[in-house]
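Listing of data.txt, compact mmCIF, C-alpha atoms
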```txt
# COMPACT_ATOMS: atom_id res chain seq x y z
CA LEU A 869 79.77 -158.06 54.17
CA GLN A 870 79.18 -160.96 51.78
CA GLU A 871 80.05 -158.78 48.78
CA GLY A 872 83.35 -157.79 50.41
CA ILE A 873 84.18 -161.45 50.99
CA GLU A 874 83.46 -162.28 47.34
CA ILE A 875 85.67 -159.40 46.16
CA ASN A 876 88.53 -160.59 48.38
CA VAL A 877 88.16 -164.18 47.14
CA SER A 878 88.23 -163.07 43.50
CA LEU A 879 91.24 -160.79 44.08
CA SER A 880 93.01 -163.61 45.88
CA ALA A 881 92.36 -165.96 42.94
CA LEU A 882 93.59 -163.27 40.55
CA GLY A 883 96.71 -162.86 42.69
CA ASN A 884 97.37 -166.60 42.49
CA VAL A 885 97.09 -166.54 38.69
CA ILE A 886 99.36 -163.48 38.46
CA SER A 887 101.92 -165.15 40.73
CA ALA A 888 101.88 -168.32 38.63
CA LEU A 889 102.26 -166.34 35.39
CA ALA A 890 105.13 -164.31 36.88
CA GLU A 891 106.84 -167.51 38.02
CA LYS A 892 106.41 -168.98 34.54
CA ALA A 893 107.90 -165.81 33.00
CA ASN A 894 110.88 -165.91 35.37
CA ASN A 895 111.49 -169.67 34.88
CA PRO A 896 110.49 -170.50 31.28
CA LYS A 897 111.78 -174.08 31.47
CA LYS A 898 109.82 -174.86 34.64
CA LYS A 899 106.33 -176.25 34.15
CA VAL A 900 103.93 -174.11 36.18
CA PHE A 901 100.22 -174.80 36.69
CA ILE A 902 98.16 -171.64 36.20
CA PRO A 903 94.85 -171.87 38.11
CA TYR A 904 92.56 -170.02 35.70
CA ARG A 905 89.54 -172.16 36.59
CA SER A 906 89.72 -171.50 40.31
CA HIS A 907 87.36 -168.51 40.02
CA VAL A 908 84.98 -166.97 37.51
CA LEU A 909 87.02 -163.73 37.36
CA THR A 910 90.24 -165.50 36.42
CA GLU A 911 88.42 -167.61 33.85
CA LEU A 912 87.04 -164.45 32.23
CA LEU A 913 90.45 -162.76 32.27
CA GLN A 914 92.37 -165.80 30.99
CA SER A 915 92.91 -164.45 27.47
CA ALA A 916 93.83 -161.00 28.80
CA LEU A 917 96.34 -162.30 31.35
CA GLY A 918 98.10 -165.16 29.65
CA GLY A 919 96.79 -165.04 26.15
CA ASN A 920 97.60 -163.14 23.04
CA SER A 921 97.06 -159.59 24.29
CA LYS A 922 98.68 -156.73 26.12
CA THR A 923 97.18 -155.91 29.49
CA VAL A 924 97.55 -152.78 31.61
CA MET A 925 97.22 -152.70 35.39
CA VAL A 926 96.64 -149.45 37.24
CA ALA A 927 97.64 -149.40 40.91
CA ALA A 928 96.11 -146.71 43.11
CA VAL A 929 98.27 -145.92 46.16
CA SER A 930 98.02 -143.32 48.88
CA PRO A 931 100.85 -141.21 50.31
CA ALA A 932 99.22 -141.13 53.76
CA ASN A 933 100.93 -143.02 56.61
CA ILE A 934 97.64 -144.58 57.65
CA ASN A 935 97.40 -146.37 54.27
CA PHE A 936 101.03 -147.54 54.16
CA ASP A 937 100.27 -151.27 54.50
CA GLU A 938 97.57 -151.21 51.82
CA SER A 939 99.76 -149.18 49.45
CA LEU A 940 102.69 -151.54 49.97
CA SER A 941 100.47 -154.56 49.32
CA THR A 942 99.11 -152.92 46.15
CA LEU A 943 102.61 -152.15 44.90
CA ARG A 944 103.72 -155.76 45.50
CA TYR A 945 100.64 -156.97 43.63
CA ALA A 946 101.42 -154.63 40.72
CA ASP A 947 105.07 -155.74 40.72
CA ARG A 948 104.00 -159.36 40.33
CA ALA A 949 101.75 -158.33 37.43
CA LYS A 950 104.64 -156.42 35.86
CA GLN A 951 106.78 -159.58 35.83
CA ILE A 952 104.36 -161.33 33.46
CA LYS A 953 105.85 -161.57 30.00
CA VAL A 954 103.46 -162.32 27.16
CA VAL A 955 104.64 -162.90 23.61
CA VAL A 956 102.05 -161.27 21.40
CA GLU A 957 101.55 -162.87 17.99
CA VAL A 958 99.53 -161.37 15.19
CA MET A 959 96.60 -163.63 14.48
CA GLU A 960 96.03 -163.44 10.73
CA ASN A 961 93.49 -165.20 8.60
CA PRO A 962 95.32 -167.30 5.95
CA THR A 963 93.18 -165.78 3.18
CA ASP A 964 93.98 -162.24 4.35
CA LYS A 965 97.67 -163.15 4.52
CA LEU A 966 97.60 -164.46 0.94
CA ILE A 967 95.79 -161.33 -0.27
CA ARG A 968 98.35 -159.11 1.49
CA GLU A 969 101.28 -161.05 -0.03
CA LEU A 970 99.74 -160.96 -3.52
CA LYS A 971 99.12 -157.21 -3.28
CA SER A 972 102.73 -156.72 -2.24
CA GLU A 973 103.99 -158.80 -5.18
CA ASN A 974 101.62 -156.95 -7.50
CA GLU A 975 103.07 -153.62 -6.35
CA LYS A 976 106.63 -154.89 -6.95
CA LEU A 977 105.69 -155.99 -10.45
CA ARG A 978 104.10 -152.60 -11.22
CA LYS A 979 107.28 -150.84 -10.12
CA MET A 980 109.30 -153.16 -12.37
CA LEU A 981 107.01 -152.44 -15.33
CA MET A 982 107.37 -148.71 -14.72
CA GLY A 983 111.15 -149.17 -14.70
CA ILE A 984 111.06 -151.16 -17.94
CA SER A 985 108.88 -148.58 -19.66
CA ALA A 986 111.30 -145.86 -18.54
CA GLY A 987 114.18 -147.80 -20.13
CA GLU A 988 115.88 -148.84 -16.89
CA ALA A 989 117.53 -152.22 -16.42
CA VAL A 990 115.31 -154.38 -14.22
CA ASP A 991 116.39 -157.42 -12.20
CA LEU A 992 113.66 -160.07 -12.38
CA SER A 993 115.47 -162.70 -10.30
CA GLY A 994 113.54 -162.07 -7.05
CA VAL A 995 110.03 -162.12 -8.46
CA GLY A 996 107.63 -164.96 -7.65
CA ASP A 997 108.29 -168.70 -7.54
CA GLY A 998 109.45 -169.13 -11.11
CA GLY A 999 106.46 -167.31 -12.57
CA VAL A 1000 107.42 -163.95 -14.01
CA GLY A 1001 111.07 -163.93 -15.01
CA GLY A 1002 111.75 -167.23 -13.31
CA GLY A 1003 113.10 -169.17 -16.27
CA GLY A 1004 115.22 -168.30 -19.23
CA GLY A 1005 118.73 -168.60 -17.88
CA ARG A 1006 120.10 -166.43 -20.65
CA GLY A 1007 121.87 -164.22 -18.17
CA GLY A 1008 121.88 -161.15 -20.40
CA GLY A 1009 118.73 -159.50 -19.10
CA GLY A 1010 118.17 -157.88 -22.46
CA GLY A 1011 114.43 -157.64 -21.97
CA GLU A 1012 113.56 -161.09 -23.31
CA ALA A 1013 112.37 -162.38 -19.91
CA ALA A 1014 108.74 -161.84 -18.90
CA GLY A 1015 107.68 -161.31 -22.50
CA VAL A 1016 109.15 -157.83 -22.83
CA ALA A 1017 110.40 -157.11 -26.33
CA PRO A 1018 113.95 -155.76 -26.55
CA ARG A 1019 114.32 -152.17 -27.58
CA GLY A 1020 116.07 -151.78 -30.77
```
Rewrite the coordinates I just gave you, this time as structure tokens.
Amino acid sequence: LQEGIEINVSLSALGNVISALAEKANNPKKKVFIPYRSHVLTELLQSALGGNSKTVMVAAVSPANINFDESLSTLRYADRAKQIKVVVEVMENPTDKLIRELKSENEKLRKMLMGISAGEAVDLSGVGDGGVGGGGGRGGGGGEAAGVAPRG
């Protein structure tokens, strides 16, 4: 009996949090208090419900007439959860971001070098922040930029 009461209290607290999050999603300009600290369950699920994650809710309903009220209540609960809109942002370590950007630039530079060695005209205007091919201003693009000797 006591365990059933605790389950109902925790589900009620979870319902309150879901309702507050759904109201916040429906009225973004309205300031809504979300009672995460009202119960241990909602405190544990705080990052999953309103944080930076996607959450799935599974609602089990019964087609039997005897369970109609419970199924309707479950579907209303799931509908409130469905109204929650979370904007997921990629959390990236600044060092990892820099490494990824440098690898990308390195790959672009390799492709340019392959183009130069194949004798193709290469546009160096979009490379780096004034590093490779950033200066010069000669306009001709005859291979003098980036220390590449002109073919002759």
Contacts of Val924 of chain A at 12 Å or less, counting all atoms listed in the file, minus same-chain residues fewer than 2 places along, as a list in words? Ala916, Leu917, Ser921, Lys922, Val926, Ala927, Ala946, Ala949, Lys950 and Ile952 of chain A
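Using only C-alpha atoms for every distance, the candidate list A:Val877, A:Met925, A:Met982, A:Val954 yields A:Val954 as the residue closest to Lys892 of chain A.
Nearest residue to Leu912 of chain A among A:Leu882, A:Leu869, A:Leu943, A:Met980 is A:Leu882, counting all atoms listed in the file.
Take atom CA of Ser887 of chain A and atom CA of Ser941 of chain A: the distance between them is 13.7 Å.
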Atom CA of Leu913 of chain A to atom CA of Val958 of chain A measures 19.4 Å
Using only C-alpha atoms, determine which residues lie at most 10 Å from segment 907-911 of chain A, disregarding the query and same-chain residues fewer than 6 positions distant; provide the list as an mmCIF file with C-alpha atoms, keeping the file's coordinate frame.
```cif
data_model
loop_
_atom_site.group_PDB
_atom_site.id
_atom_site.type_symbol
_atom_site.label_atom_id
_atom_site.label_comp_id
_atom_site.auth_asym_id
_atom_site.auth_seq_id
_atom_site.Cartn_x
_atom_site.Cartn_y
_atom_site.Cartn_z
ATOM 1 C CA ILE A 875 85.670 -159.400 46.160
ATOM 2 C CA VAL A 877 88.160 -164.180 47.140
ATOM 3 C CA SER A 878 88.230 -163.070 43.500
ATOM 4 C CA LEU A 879 91.240 -160.790 44.080
ATOM 5 C CA SER A 880 93.010 -163.610 45.880
ATOM 6 C CA ALA A 881 92.360 -165.960 42.940
ATOM 7 C CA LEU A 882 93.590 -163.270 40.550
ATOM 8 C CA GLY A 883 96.710 -162.860 42.690
ATOM 9 C CA ASN A 884 97.370 -166.600 42.490
ATOM 10 C CA VAL A 885 97.090 -166.540 38.690
ATOM 11 C CA ILE A 886 99.360 -163.480 38.460
ATOM 12 C CA LEU A 917 96.340 -162.300 31.350
#
```
Q.
List the spatial neighbours of Gln951 of chain A as an MDAnalysis selection string - criterion: any atom at most 8 Å away, all atoms listed in the file, same-chain residues fewer than 3 positions off excluded.
A. chainID A and resid 890 893:894 947:948
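Across the model, the gap from atom CA of Met959 of chain A to atom CA of Ala888 of chain A is 25.2 Å.
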